[in-house]
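Everything below belongs to coords33.pdb, which stores PDB, C-alpha atoms.
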ATOM      1  CA  MET R 668      14.687  -9.648   3.427
ATOM      2  CA  PRO R 669      11.222 -11.241   3.139
ATOM      3  CA  GLN R 670       9.143 -11.351   6.286
ATOM      4  CA  GLU R 671       7.257 -14.461   7.250
ATOM      5  CA  VAL R 672       3.565 -14.542   8.051
ATOM      6  CA  GLU R 673       2.004 -17.261  10.174
ATOM      7  CA  THR R 674      -1.130 -18.583   8.491
ATOM      8  CA  THR R 675      -2.721 -21.343  10.545
ATOM      9  CA  GLY R 676       0.547 -23.228  10.979
ATOM     10  CA  ALA R 677       2.212 -22.559   7.601
ATOM     11  CA  LYS R 678       4.808 -19.820   7.116
ATOM     12  CA  LEU R 679       4.653 -17.705   3.977
ATOM     13  CA  SER R 680       7.024 -15.068   2.722
ATOM     14  CA  ARG R 681       5.242 -11.742   2.310
ATOM     15  CA  THR R 682       7.112 -10.999  -0.891
ATOM     16  CA  ASP R 683       7.135 -14.414  -2.553
ATOM     17  CA  VAL R 684       3.497 -15.510  -2.332
ATOM     18  CA  VAL R 685       0.335 -13.826  -3.570
ATOM     19  CA  LYS R 686      -2.028 -14.185  -0.660
ATOM     20  CA  LYS R 687      -5.792 -14.426  -0.699
ATOM     21  CA  PHE R 688      -7.664 -12.471   1.911
ATOM     22  CA  SER R 689     -11.105 -13.174   3.308
ATOM     23  CA  SER R 690     -12.037  -9.482   3.282
ATOM     24  CA  TYR R 691     -10.769  -6.064   2.280
ATOM     25  CA  GLU R 692     -10.153  -5.245   5.964
ATOM     26  CA  ASP R 693      -7.785  -8.225   6.226
ATOM     27  CA  PHE R 694      -5.987  -6.971   3.132
ATOM     28  CA  PHE R 695      -5.792  -3.438   4.524
ATOM     29  CA  ASN R 696      -4.214  -4.725   7.742
ATOM     30  CA  PHE R 697      -1.603  -6.508   5.617
ATOM     31  CA  TYR R 698      -1.205  -3.380   3.460
ATOM     32  CA  LEU R 699      -0.458  -1.214   6.508
ATOM     33  CA  GLY R 700       2.123  -3.739   7.658
ATOM     34  CA  GLU R 701       3.845  -3.435   4.290
ATOM     35  CA  HIS R 702       4.083   0.339   4.887
ATOM     36  CA  SER R 703       5.639   0.321   8.354
ATOM     37  CA  ASP R 704       8.434   2.761   7.422
ATOM     38  CA  ALA R 705       7.287   6.389   7.598
ATOM     39  CA  ARG R 706       9.532   7.267   4.647
ATOM     40  CA  ASN R 707       7.709   4.721   2.475
ATOM     41  CA  ARG R 708       4.366   6.172   3.555
ATOM     42  CA  ALA R 709       5.670   9.659   2.661
ATOM     43  CA  MET R 710       6.661   8.396  -0.791
ATOM     44  CA  HIS R 711       3.148   6.974  -1.207
ATOM     45  CA  ALA R 712       1.535  10.230  -0.113
ATOM     46  CA  ALA R 713       3.699  12.212  -2.536
ATOM     47  CA  GLY R 714       2.993   9.761  -5.350
ATOM     48  CA  THR R 715      -0.754   9.788  -4.754
ATOM     49  CA  VAL R 716      -1.002  13.590  -4.620
ATOM     50  CA  LEU R 717       1.369  14.168  -7.540
ATOM     51  CA  GLY R 718      -0.338  11.407  -9.512
ATOM     52  CA  LEU R 719      -3.675  13.177  -9.076
ATOM     53  CA  CYS R 720      -2.037  16.432 -10.178
ATOM     54  CA  ALA R 721      -0.569  14.667 -13.214
ATOM     55  CA  LEU R 722      -4.065  13.441 -14.053
ATOM     56  CA  ILE R 723      -5.984  16.697 -13.543
ATOM     57  CA  ILE R 724      -3.618  19.520 -14.545
ATOM     58  CA  PRO R 725      -3.130  18.388 -18.170
ATOM     59  CA  PHE R 726      -6.874  18.713 -18.757
ATOM     60  CA  VAL R 727      -6.951  22.135 -17.132
ATOM     61  CA  VAL R 728      -4.132  23.467 -19.329
ATOM     62  CA  GLY R 729      -5.457  21.853 -22.494
ATOM     63  CA  HIS R 730      -2.951  19.020 -22.957
ATOM     64  CA  PRO R 731      -4.971  15.934 -21.998
ATOM     65  CA  TRP R 732      -2.485  13.442 -23.451
ATOM     66  CA  TYR R 733      -0.072  14.274 -20.628
ATOM     67  CA  ALA R 734      -2.627  12.857 -18.215
ATOM     68  CA  LEU R 735      -1.515   9.412 -19.349
ATOM     69  CA  LEU R 736       1.622   9.950 -17.265
ATOM     70  CA  TRP R 737      -0.254   9.722 -13.959
ATOM     71  CA  PRO R 738       0.594   6.034 -13.358
ATOM     72  CA  VAL R 739       4.298   6.668 -13.970
ATOM     73  CA  VAL R 740       4.283   9.502 -11.443
ATOM     74  CA  ALA R 741       2.126   7.810  -8.807
ATOM     75  CA  TYR R 742       3.565   4.316  -8.981
ATOM     76  CA  GLY R 743       7.104   5.604  -9.507
ATOM     77  CA  PHE R 744       7.045   7.157  -6.053
ATOM     78  CA  ALA R 745       5.238   4.245  -4.412
ATOM     79  CA  TRP R 746       7.419   1.515  -5.893
ATOM     80  CA  THR R 747      10.586   3.447  -5.076
ATOM     81  CA  GLY R 748       9.381   3.491  -1.484
ATOM     82  CA  HIS R 749       8.874  -0.272  -1.500
ATOM     83  CA  PHE R 750      12.008  -1.355  -3.323
ATOM     84  CA  LEU R 751      14.535   1.137  -1.933
ATOM     85  CA  ILE R 752      13.157   2.044   1.495
ATOM     86  CA  GLU R 753      10.871  -0.699   2.815
ATOM     87  CA  GLY R 754      12.582  -3.563   0.981
ATOM     88  CA  ASN R 755       9.411  -5.411   0.032
ATOM     89  CA  THR R 756       7.258  -6.060  -3.010
ATOM     90  CA  PRO R 757       4.326  -3.691  -3.658
ATOM     91  CA  ALA R 758       0.904  -5.165  -2.925
ATOM     92  CA  THR R 759      -0.136  -3.786  -6.329
ATOM     93  CA  PHE R 760       1.420  -6.810  -8.006
ATOM     94  CA  GLY R 761      -0.921  -9.271  -6.280
ATOM     95  CA  HIS R 762      -3.965  -7.128  -5.496
ATOM     96  CA  PRO R 763      -4.024  -4.100  -7.824
ATOM     97  CA  PHE R 764      -7.546  -2.810  -7.135
ATOM     98  CA  TRP R 765      -7.426  -3.156  -3.345
ATOM     99  CA  SER R 766      -3.945  -1.667  -3.312
ATOM    100  CA  PHE R 767      -5.088   1.332  -5.371
ATOM    101  CA  ILE R 768      -7.989   1.966  -2.982
ATOM    102  CA  SER R 769      -5.708   1.496   0.017
ATOM    103  CA  ASP R 770      -3.299   4.172  -1.223
ATOM    104  CA  PHE R 771      -6.104   6.719  -0.951
ATOM    105  CA  ARG R 772      -7.388   5.295   2.328
ATOM    106  CA  MET R 773      -3.907   5.486   3.871
ATOM    107  CA  LEU R 774      -3.500   9.058   2.581
ATOM    108  CA  GLY R 775      -6.854   9.966   4.131
ATOM    109  CA  LEU R 776      -5.775   8.502   7.469
ATOM    110  CA  MET R 777      -2.502  10.427   7.226
ATOM    111  CA  LEU R 778      -4.222  13.744   6.470
ATOM    112  CA  THR R 779      -6.735  13.324   9.299
ATOM    113  CA  GLY R 780      -4.120  12.272  11.857
ATOM    114  CA  ARG R 781      -5.672   8.835  12.394
ATOM    115  CA  LEU R 782      -2.977   6.676  10.780
ATOM    116  CA  LYS R 783      -0.875   6.124  13.908
ATOM    117  CA  ALA R 784      -3.860   4.820  15.871
ATOM    118  CA  ARG R 785      -4.981   2.627  12.952
ATOM    119  CA  MET R 786      -1.499   1.156  12.549
ATOM    120  CA  SER R 787      -1.304   0.470  16.293
ATOM    121  CA  ALA R 788      -4.620  -1.360  16.087
ATOM    122  CA  THR R 789      -3.297  -3.347  13.114
ATOM    123  CA  VAL R 790      -0.158  -4.404  14.985
ATOM    124  CA  THR R 791      -2.302  -5.550  17.914
ATOM    125  CA  ALA R 792      -4.585  -7.515  15.587
ATOM    126  CA  GLN R 793      -1.601  -9.152  13.864
ATOM    127  CA  ASP R 794      -0.257 -10.383  17.195
ATOM    128  CA  THR R 795      -3.196 -12.759  17.509
ATOM    129  CA  PRO R 796      -2.331 -16.387  16.645
ATOM    130  CA  GLN R 797      -5.040 -16.898  13.997
ATOM    131  CA  ARG R 798      -4.756 -14.877  10.759
ATOM    132  CA  ASN R 799      -7.365 -14.668   8.031
ATOM    133  CA  VAL R 800      -4.787 -15.046   5.273
ATOM    134  CA  LYS R 801      -4.962 -18.078   3.025
ATOM    135  CA  ALA R 802      -2.180 -19.372   0.814
TER     136      ALA R 802
END
Taking this structure as input, can you express it in the form of structure tokens?
Amino acid sequence: MPQEVETTGAKLSRTDVVKKFSSYEDFFNFYLGEHSDARNRAMHAAGTVLGLCALIIPFVVGHPWYALLWPVVAYGFAWTGHFLIEGNTPATFGHPFWSFISDFRMLGLMLTGRLKARMSATVTAQDTPQRNVKA
């Protein structure tokens, strides 16, 4: 079920509208909200790590053409997490570059144990009445 986002009086569905953000930080706050289920985050972590392996290992073993499979591996895990676990649309569809960067940023926060605090800060920031999201 699509979630609604309050944007200066107008309500937008998170999955039906491509939103414009005033900064990458605003996007990242939205991105973390779209990954609220720990199982989805685990799928993203697995996809990111295995995607990197699918990119690097083929070169190491002398079969570089297999490296072209990295997007299938990485995004296969991530999109499965969104569609089957979280029930939302991947941010990749509307913001591919920022989403790609955010996958690695979220993984870094997970590996350093700082994700829980960052997500708590995001929830607090989203509770404010004014959002920097524009339709």
Matched chain/residue IDs from the PyMOL selection byres ((chain R and resi 715) around 9), as a list in words: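 Going through the file, the PyMOL selection byres ((chain R and resi 715) around 9) ends up selecting Met710, His711, Ala712, Ala713, Gly714, Val716, Leu717, Gly718, Leu719, Cys720, Val740, Ala741, Tyr742, Phe744, Ala745, Asp770, Phe771 and Leu774 of chain R.
Of the residues listed (R:His749, R:Arg785, R:Arg772, R:His762), R:His749 shows the shortest atom-to-atom separation from Asn707 in chain R; distances use only C-alpha atoms.
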Selection result for the PyMOL selection byres ((chain R and resi 704-706) around 8) on this file, as an mmCIF file with C-alpha atoms, keeping the file's coordinate frame:
data_model
loop_
_atom_site.group_PDB
_atom_site.id
_atom_site.type_symbol
_atom_site.label_atom_id
_atom_site.label_comp_id
_atom_site.auth_asym_id
_atom_site.auth_seq_id
_atom_site.Cartn_x
_atom_site.Cartn_y
_atom_site.Cartn_z
ATOM 1 C CA HIS R 702 4.083 0.339 4.887
ATOM 2 C CA SER R 703 5.639 0.321 8.354
ATOM 3 C CA ASN R 707 7.709 4.721 2.475
ATOM 4 C CA ARG R 708 4.366 6.172 3.555
ATOM 5 C CA ALA R 709 5.670 9.659 2.661
ATOM 6 C CA MET R 710 6.661 8.396 -0.791
ATOM 7 C CA GLY R 748 9.381 3.491 -1.484
ATOM 8 C CA ILE R 752 13.157 2.044 1.495
ATOM 9 C CA GLU R 753 10.871 -0.699 2.815
#
By how many Å are CA of Thr759 in chain R and CA of Tyr698 in chain R apart?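 Interatomic distance, CA of Thr759 in chain R to CA of Tyr698 in chain R: 9.9 Å.
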Please, what distance in Å, to one decimal, runs between CA of Asp693 in chain R and CA of Lys783 in chain R?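 Result for CA of Asp693 in chain R versus CA of Lys783 in chain R: 17.7 Å, one decimal.
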The PyMOL selection byres ((chain R and resi 696) around 10) on the file shown: which residues, as a VMD selection string? chain R and resid 691 to 695 697 to 701 785 to 786 788 to 790 792 to 793
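In this structure, CA of Phe760 in chain R sits 20.0 Å away from CA of Leu735 in chain R.
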Show me, as lines of an AutoDock Vina configuration file, the centre and edge lengths in Å to one decimal of the axis-aligned box that covers every listed atom of range 703-706 of chain R with 8 Å on each side.
center_x = 7.6
center_y = 3.8
center_z = 6.5
size_x = 19.9
size_y = 22.9
size_z = 19.7
Supply range 719-752 of chain R as a PDB file, in the coordinates of the input, with N, CA and C atoms built in where the input has gaps.
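So result_34.pdb came out as:
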ATOM      1  N   LEU R 719      -2.406  12.477  -8.830  1.00  0.00           N
ATOM      2  CA  LEU R 719      -3.675  13.177  -9.076  1.00  0.00           C
ATOM      3  C   LEU R 719      -3.436  14.481  -9.841  1.00  0.00           C
ATOM      4  N   CYS R 720      -2.381  15.190  -9.456  1.00  0.00           N
ATOM      5  CA  CYS R 720      -2.037  16.432 -10.178  1.00  0.00           C
ATOM      6  C   CYS R 720      -1.694  16.125 -11.634  1.00  0.00           C
ATOM      7  N   ALA R 721      -0.947  15.047 -11.850  1.00  0.00           N
ATOM      8  CA  ALA R 721      -0.569  14.667 -13.214  1.00  0.00           C
ATOM      9  C   ALA R 721      -1.775  14.226 -14.034  1.00  0.00           C
ATOM     10  N   LEU R 722      -2.838  13.823 -13.361  1.00  0.00           N
ATOM     11  CA  LEU R 722      -4.065  13.441 -14.053  1.00  0.00           C
ATOM     12  C   LEU R 722      -4.950  14.652 -14.351  1.00  0.00           C
ATOM     13  N   ILE R 723      -5.040  15.580 -13.427  1.00  0.00           N
ATOM     14  CA  ILE R 723      -5.984  16.697 -13.543  1.00  0.00           C
ATOM     15  C   ILE R 723      -5.407  17.896 -14.305  1.00  0.00           C
ATOM     16  N   ILE R 724      -4.195  18.297 -13.972  1.00  0.00           N
ATOM     17  CA  ILE R 724      -3.618  19.520 -14.545  1.00  0.00           C
ATOM     18  C   ILE R 724      -3.541  19.494 -16.075  1.00  0.00           C
ATOM     19  N   PRO R 725      -3.170  18.381 -16.699  1.00  0.00           N
ATOM     20  CA  PRO R 725      -3.130  18.388 -18.170  1.00  0.00           C
ATOM     21  C   PRO R 725      -4.474  18.746 -18.824  1.00  0.00           C
ATOM     22  N   PHE R 726      -5.565  18.346 -18.216  1.00  0.00           N
ATOM     23  CA  PHE R 726      -6.874  18.713 -18.757  1.00  0.00           C
ATOM     24  C   PHE R 726      -7.145  20.202 -18.570  1.00  0.00           C
ATOM     25  N   VAL R 727      -6.732  20.722 -17.425  1.00  0.00           N
ATOM     26  CA  VAL R 727      -6.951  22.135 -17.132  1.00  0.00           C
ATOM     27  C   VAL R 727      -6.185  23.031 -18.107  1.00  0.00           C
ATOM     28  N   VAL R 728      -4.955  22.635 -18.452  1.00  0.00           N
ATOM     29  CA  VAL R 728      -4.132  23.467 -19.329  1.00  0.00           C
ATOM     30  C   VAL R 728      -4.283  23.107 -20.804  1.00  0.00           C
ATOM     31  N   GLY R 729      -5.160  22.170 -21.105  1.00  0.00           N
ATOM     32  CA  GLY R 729      -5.457  21.853 -22.494  1.00  0.00           C
ATOM     33  C   GLY R 729      -4.520  20.862 -23.176  1.00  0.00           C
ATOM     34  N   HIS R 730      -3.833  20.052 -22.405  1.00  0.00           N
ATOM     35  CA  HIS R 730      -2.951  19.020 -22.957  1.00  0.00           C
ATOM     36  C   HIS R 730      -3.314  17.658 -22.352  1.00  0.00           C
ATOM     37  N   PRO R 731      -4.487  17.145 -22.673  1.00  0.00           N
ATOM     38  CA  PRO R 731      -4.971  15.934 -21.998  1.00  0.00           C
ATOM     39  C   PRO R 731      -4.098  14.697 -22.187  1.00  0.00           C
ATOM     40  N   TRP R 732      -3.322  14.621 -23.247  1.00  0.00           N
ATOM     41  CA  TRP R 732      -2.485  13.442 -23.451  1.00  0.00           C
ATOM     42  C   TRP R 732      -1.456  13.268 -22.337  1.00  0.00           C
ATOM     43  N   TYR R 733      -1.033  14.367 -21.726  1.00  0.00           N
ATOM     44  CA  TYR R 733      -0.072  14.274 -20.628  1.00  0.00           C
ATOM     45  C   TYR R 733      -0.664  13.584 -19.406  1.00  0.00           C
ATOM     46  N   ALA R 734      -1.978  13.532 -19.340  1.00  0.00           N
ATOM     47  CA  ALA R 734      -2.627  12.857 -18.215  1.00  0.00           C
ATOM     48  C   ALA R 734      -2.298  11.368 -18.183  1.00  0.00           C
ATOM     49  N   LEU R 735      -1.881  10.836 -19.302  1.00  0.00           N
ATOM     50  CA  LEU R 735      -1.515   9.412 -19.349  1.00  0.00           C
ATOM     51  C   LEU R 735      -0.262   9.112 -18.521  1.00  0.00           C
ATOM     52  N   LEU R 736       0.421  10.141 -18.078  1.00  0.00           N
ATOM     53  CA  LEU R 736       1.622   9.950 -17.265  1.00  0.00           C
ATOM     54  C   LEU R 736       1.321   9.727 -15.782  1.00  0.00           C
ATOM     55  N   TRP R 737       0.051   9.847 -15.382  1.00  0.00           N
ATOM     56  CA  TRP R 737      -0.254   9.722 -13.959  1.00  0.00           C
ATOM     57  C   TRP R 737       0.234   8.408 -13.344  1.00  0.00           C
ATOM     58  N   PRO R 738       0.114   7.257 -14.016  1.00  0.00           N
ATOM     59  CA  PRO R 738       0.594   6.034 -13.358  1.00  0.00           C
ATOM     60  C   PRO R 738       2.116   6.036 -13.155  1.00  0.00           C
ATOM     61  N   VAL R 739       2.844   6.610 -14.100  1.00  0.00           N
ATOM     62  CA  VAL R 739       4.298   6.668 -13.970  1.00  0.00           C
ATOM     63  C   VAL R 739       4.673   7.500 -12.746  1.00  0.00           C
ATOM     64  N   VAL R 740       4.002   8.622 -12.581  1.00  0.00           N
ATOM     65  CA  VAL R 740       4.283   9.502 -11.443  1.00  0.00           C
ATOM     66  C   VAL R 740       3.877   8.822 -10.134  1.00  0.00           C
ATOM     67  N   ALA R 741       2.646   8.384 -10.049  1.00  0.00           N
ATOM     68  CA  ALA R 741       2.126   7.810  -8.807  1.00  0.00           C
ATOM     69  C   ALA R 741       2.866   6.538  -8.406  1.00  0.00           C
ATOM     70  N   TYR R 742       2.941   5.596  -9.323  1.00  0.00           N
ATOM     71  CA  TYR R 742       3.565   4.316  -8.981  1.00  0.00           C
ATOM     72  C   TYR R 742       5.087   4.434  -8.911  1.00  0.00           C
ATOM     73  N   GLY R 743       5.660   5.382  -9.622  1.00  0.00           N
ATOM     74  CA  GLY R 743       7.104   5.604  -9.507  1.00  0.00           C
ATOM     75  C   GLY R 743       7.511   5.930  -8.081  1.00  0.00           C
ATOM     76  N   PHE R 744       6.769   6.815  -7.450  1.00  0.00           N
ATOM     77  CA  PHE R 744       7.045   7.157  -6.053  1.00  0.00           C
ATOM     78  C   PHE R 744       6.774   5.970  -5.133  1.00  0.00           C
ATOM     79  N   ALA R 745       5.624   5.341  -5.303  1.00  0.00           N
ATOM     80  CA  ALA R 745       5.238   4.245  -4.412  1.00  0.00           C
ATOM     81  C   ALA R 745       6.211   3.072  -4.514  1.00  0.00           C
ATOM     82  N   TRP R 746       6.540   2.671  -5.719  1.00  0.00           N
ATOM     83  CA  TRP R 746       7.419   1.515  -5.893  1.00  0.00           C
ATOM     84  C   TRP R 746       8.841   1.819  -5.448  1.00  0.00           C
ATOM     85  N   THR R 747       9.277   3.066  -5.611  1.00  0.00           N
ATOM     86  CA  THR R 747      10.586   3.447  -5.076  1.00  0.00           C
ATOM     87  C   THR R 747      10.590   3.276  -3.565  1.00  0.00           C
ATOM     88  N   GLY R 748       9.499   3.671  -2.928  1.00  0.00           N
ATOM     89  CA  GLY R 748       9.381   3.491  -1.484  1.00  0.00           C
ATOM     90  C   GLY R 748       9.468   2.033  -1.071  1.00  0.00           C
ATOM     91  N   HIS R 749       8.841   1.156  -1.840  1.00  0.00           N
ATOM     92  CA  HIS R 749       8.874  -0.272  -1.500  1.00  0.00           C
ATOM     93  C   HIS R 749      10.244  -0.886  -1.762  1.00  0.00           C
ATOM     94  N   PHE R 750      10.772  -0.689  -2.943  1.00  0.00           N
ATOM     95  CA  PHE R 750      12.008  -1.355  -3.323  1.00  0.00           C
ATOM     96  C   PHE R 750      13.238  -0.792  -2.620  1.00  0.00           C
ATOM     97  N   LEU R 751      13.327   0.532  -2.481  1.00  0.00           N
ATOM     98  CA  LEU R 751      14.535   1.137  -1.933  1.00  0.00           C
ATOM     99  C   LEU R 751      14.464   1.467  -0.443  1.00  0.00           C
ATOM    100  N   ILE R 752      13.273   1.659   0.085  1.00  0.00           N
ATOM    101  CA  ILE R 752      13.157   2.044   1.495  1.00  0.00           C
ATOM    102  C   ILE R 752      12.657   0.877   2.342  1.00  0.00           C
TER     103      ILE R 752
END
